[in-house]
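Colleague: There's a structure below that I have some questions on.
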Amino acid sequence: MIMTTTEEIIDTLSFFDSWEDRYKYMIDLGKSLPAIDENLKTDERLVPGCQSQVWIEPHLSNGVFSFEVDSDAHIVRGLLAIVMAAYNNKTAEEILNFDIEDYFSKLDLVKHLSPTRGNGLKAMVEKIKSLAQASI
């Protein structure tokens with residue numbers, strides 16, 4: 001799974017002058033995600049509210065969440081990678097206490113996404129937070 005930290009993503013995205021370059025970086029981040037088993041691409045794992053298809057498969061081991069994720073859209077895989085930097089290999093408490101709005105604000109991300117992509121990003125975050133909340 002992605003080994004990039006939220007700080008590294010913030011620093012790298014701020015390095016680029018254009019949003020075209022930032023999108024290319026996000027797509028590259030998405031390409032770094034491991035492939036998900038095709039058998040996990042089921043309706044139960046689909047995230048509702050996303051324009052593209054997004055699958056999230058949570059695993060909880062010793063109180064730590066890890067996620068297998070995928071999307072049928074390159075930019076959305078990049079958004080998943082950004083979300084995974086915040087939430088993968090974290091406890092439920094760490095997930096729930098992480099200030100995702102501040103993180104997205106530092107990335108200057110949401111205002112550069114279409115409304116449907118922004119809603120999908122929020123849906124991914126809510127799905128992960130609900131999984132974390134349910135485990136407590």
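Ordering of the structure tokens sets the chain letters (A, B, ...); residue numbers start at 1 within each chain; ligands are numbered from 1 in the order shown.
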Applying 7 Å and only C-alpha atoms, which residues near Pro58 of chain A remain after dropping the ones on its own chain fewer than 4 positions away? List them as a ChimeraX atom specification.

Modeller: /A:65-68

Colleague: Determine, counting only C-alpha atoms, which protein, DNA and RNA residues have an atom within 10 Å of an atom of Trp55 of chain A; residues of the same chain fewer than 6 positions away are not included. Present the result as a list in words.

Modeller: Ile36, Leu40, Lys41, Thr42, Asp43, Glu44, Arg45, Leu46, Val47, Pro48, Phe67, Glu68, Val69, Asp70, Ser71, Asp72, Leu80 and Met124 of chain A

Colleague: Could you take the residues named above and write them with N, CA, C and O atoms, as a PDB file, in the first residue's frame?

Modeller:
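Listed below is the output, out-v6.pdb:
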ATOM      1  N   ILE A  36      -6.450  -4.318  -6.717  1.00  0.00           N
ATOM      2  CA  ILE A  36      -7.377  -5.014  -5.828  1.00  0.00           C
ATOM      3  C   ILE A  36      -7.856  -6.277  -6.560  1.00  0.00           C
ATOM      4  O   ILE A  36      -7.977  -6.279  -7.795  1.00  0.00           O
ATOM      5  N   LEU A  40     -13.166  -8.681  -5.204  1.00  0.00           N
ATOM      6  CA  LEU A  40     -13.573  -7.706  -4.186  1.00  0.00           C
ATOM      7  C   LEU A  40     -14.378  -6.547  -4.784  1.00  0.00           C
ATOM      8  O   LEU A  40     -14.913  -5.722  -4.047  1.00  0.00           O
ATOM      9  N   LYS A  41     -14.478  -6.499  -6.093  1.00  0.00           N
ATOM     10  CA  LYS A  41     -15.231  -5.424  -6.749  1.00  0.00           C
ATOM     11  C   LYS A  41     -16.712  -5.811  -6.797  1.00  0.00           C
ATOM     12  O   LYS A  41     -17.254  -6.156  -7.839  1.00  0.00           O
ATOM     13  N   THR A  42     -17.328  -5.756  -5.618  1.00  0.00           N
ATOM     14  CA  THR A  42     -18.734  -6.135  -5.477  1.00  0.00           C
ATOM     15  C   THR A  42     -19.560  -4.929  -5.053  1.00  0.00           C
ATOM     16  O   THR A  42     -19.015  -3.917  -4.586  1.00  0.00           O
ATOM     17  N   ASP A  43     -20.862  -5.073  -5.186  1.00  0.00           N
ATOM     18  CA  ASP A  43     -21.769  -3.986  -4.801  1.00  0.00           C
ATOM     19  C   ASP A  43     -21.650  -3.624  -3.333  1.00  0.00           C
ATOM     20  O   ASP A  43     -21.802  -2.462  -2.961  1.00  0.00           O
ATOM     21  N   GLU A  44     -21.373  -4.613  -2.467  1.00  0.00           N
ATOM     22  CA  GLU A  44     -21.245  -4.333  -1.022  1.00  0.00           C
ATOM     23  C   GLU A  44     -20.066  -3.419  -0.733  1.00  0.00           C
ATOM     24  O   GLU A  44     -20.060  -2.705   0.261  1.00  0.00           O
ATOM     25  N   ARG A  45     -19.060  -3.458  -1.570  1.00  0.00           N
ATOM     26  CA  ARG A  45     -17.848  -2.663  -1.340  1.00  0.00           C
ATOM     27  C   ARG A  45     -17.863  -1.327  -2.088  1.00  0.00           C
ATOM     28  O   ARG A  45     -16.976  -0.511  -1.896  1.00  0.00           O
ATOM     29  N   LEU A  46     -18.860  -1.135  -2.944  1.00  0.00           N
ATOM     30  CA  LEU A  46     -18.973   0.128  -3.671  1.00  0.00           C
ATOM     31  C   LEU A  46     -19.311   1.261  -2.715  1.00  0.00           C
ATOM     32  O   LEU A  46     -20.099   1.095  -1.792  1.00  0.00           O
ATOM     33  N   VAL A  47     -18.710   2.398  -2.950  1.00  0.00           N
ATOM     34  CA  VAL A  47     -18.985   3.586  -2.132  1.00  0.00           C
ATOM     35  C   VAL A  47     -20.103   4.362  -2.816  1.00  0.00           C
ATOM     36  O   VAL A  47     -19.923   4.848  -3.933  1.00  0.00           O
ATOM     37  N   PRO A  48     -21.262   4.482  -2.141  1.00  0.00           N
ATOM     38  CA  PRO A  48     -22.346   5.260  -2.748  1.00  0.00           C
ATOM     39  C   PRO A  48     -21.993   6.744  -2.761  1.00  0.00           C
ATOM     40  O   PRO A  48     -21.261   7.230  -1.901  1.00  0.00           O
ATOM     41  N   PHE A  67      -6.670  -0.851   4.214  1.00  0.00           N
ATOM     42  CA  PHE A  67      -7.714  -0.834   3.206  1.00  0.00           C
ATOM     43  C   PHE A  67      -7.172  -1.269   1.863  1.00  0.00           C
ATOM     44  O   PHE A  67      -6.065  -0.894   1.474  1.00  0.00           O
ATOM     45  N   GLU A  68      -7.987  -2.060   1.167  1.00  0.00           N
ATOM     46  CA  GLU A  68      -7.765  -2.326  -0.243  1.00  0.00           C
ATOM     47  C   GLU A  68      -8.754  -1.432  -0.969  1.00  0.00           C
ATOM     48  O   GLU A  68      -9.946  -1.421  -0.630  1.00  0.00           O
ATOM     49  N   VAL A  69      -8.271  -0.669  -1.934  1.00  0.00           N
ATOM     50  CA  VAL A  69      -9.132   0.296  -2.610  1.00  0.00           C
ATOM     51  C   VAL A  69      -8.883   0.256  -4.113  1.00  0.00           C
ATOM     52  O   VAL A  69      -7.805  -0.120  -4.563  1.00  0.00           O
ATOM     53  N   ASP A  70      -9.906   0.673  -4.850  1.00  0.00           N
ATOM     54  CA  ASP A  70      -9.752   0.784  -6.297  1.00  0.00           C
ATOM     55  C   ASP A  70     -10.859   1.664  -6.849  1.00  0.00           C
ATOM     56  O   ASP A  70     -11.871   1.893  -6.188  1.00  0.00           O
ATOM     57  N   SER A  71     -10.630   2.139  -8.060  1.00  0.00           N
ATOM     58  CA  SER A  71     -11.627   2.899  -8.796  1.00  0.00           C
ATOM     59  C   SER A  71     -11.434   2.628 -10.271  1.00  0.00           C
ATOM     60  O   SER A  71     -10.346   2.247 -10.709  1.00  0.00           O
ATOM     61  N   ASP A  72     -12.503   2.873 -11.027  1.00  0.00           N
ATOM     62  CA  ASP A  72     -12.412   2.702 -12.469  1.00  0.00           C
ATOM     63  C   ASP A  72     -11.933   3.979 -13.162  1.00  0.00           C
ATOM     64  O   ASP A  72     -11.853   4.021 -14.385  1.00  0.00           O
ATOM     65  N   LEU A  80      -8.061   8.457  -4.023  1.00  0.00           N
ATOM     66  CA  LEU A  80      -8.000   7.365  -3.041  1.00  0.00           C
ATOM     67  C   LEU A  80      -6.619   7.284  -2.400  1.00  0.00           C
ATOM     68  O   LEU A  80      -6.498   7.065  -1.192  1.00  0.00           O
ATOM     69  N   MET A 124     -16.078   8.891   0.148  1.00  0.00           N
ATOM     70  CA  MET A 124     -14.984   7.978   0.523  1.00  0.00           C
ATOM     71  C   MET A 124     -14.606   8.185   1.990  1.00  0.00           C
ATOM     72  O   MET A 124     -14.450   7.224   2.744  1.00  0.00           O
TER      73      MET A 124
END

Colleague: Using DSSP secondary structure from the backbone, list all alpha helix (DSSP H) positions within segment 23-114 of chain A, as a PyMOL selection string.

Modeller: chain A and resi 23-31+74-87+92-97+100-107

Colleague: Please compute the atom CA of Ser114 of chain A-atom CA of Ile100 of chain A distance, one decimal, in Å.

Modeller: 18.6 Å

Colleague: Within 12 Å of segment 10-23 of chain A, which residues of segment 66-134 of chain A come that close, and what is the closest atom pair and distance in Å for each? Count only C-alpha atoms and give it as JSON lines.

Modeller:
{"residue": "A:His74", "atom": "CA", "partner": "A:Tyr23", "partner_atom": "CA", "distance": 9.9}
{"residue": "A:Ile75", "atom": "CA", "partner": "A:Tyr23", "partner_atom": "CA", "distance": 7.2}
{"residue": "A:Val76", "atom": "CA", "partner": "A:Tyr23", "partner_atom": "CA", "distance": 10.4}
{"residue": "A:Arg77", "atom": "CA", "partner": "A:Tyr23", "partner_atom": "CA", "distance": 11.3}
{"residue": "A:Gly78", "atom": "CA", "partner": "A:Tyr23", "partner_atom": "CA", "distance": 8.3}
{"residue": "A:Leu79", "atom": "CA", "partner": "A:Tyr23", "partner_atom": "CA", "distance": 9.7}
{"residue": "A:Ile82", "atom": "CA", "partner": "A:Ile10", "partner_atom": "CA", "distance": 9.6}
{"residue": "A:Ala85", "atom": "CA", "partner": "A:Ile10", "partner_atom": "CA", "distance": 10.7}
{"residue": "A:Ala86", "atom": "CA", "partner": "A:Ile10", "partner_atom": "CA", "distance": 11.4}
{"residue": "A:Asp102", "atom": "CA", "partner": "A:Ile10", "partner_atom": "CA", "distance": 11.1}
{"residue": "A:Tyr103", "atom": "CA", "partner": "A:Ile10", "partner_atom": "CA", "distance": 8.0}
{"residue": "A:Phe104", "atom": "CA", "partner": "A:Ile10", "partner_atom": "CA", "distance": 9.0}
{"residue": "A:Ser105", "atom": "CA", "partner": "A:Ile10", "partner_atom": "CA", "distance": 9.8}
{"residue": "A:Lys106", "atom": "CA", "partner": "A:Ile10", "partner_atom": "CA", "distance": 6.6}
{"residue": "A:Leu107", "atom": "CA", "partner": "A:Ile10", "partner_atom": "CA", "distance": 5.6}
{"residue": "A:Asp108", "atom": "CA", "partner": "A:Ser14", "partner_atom": "CA", "distance": 8.9}
{"residue": "A:Leu109", "atom": "CA", "partner": "A:Trp19", "partner_atom": "CA", "distance": 9.6}
{"residue": "A:Lys111", "atom": "CA", "partner": "A:Trp19", "partner_atom": "CA", "distance": 11.3}
{"residue": "A:His112", "atom": "CA", "partner": "A:Trp19", "partner_atom": "CA", "distance": 8.0}
{"residue": "A:Leu113", "atom": "CA", "partner": "A:Tyr23", "partner_atom": "CA", "distance": 10.1}
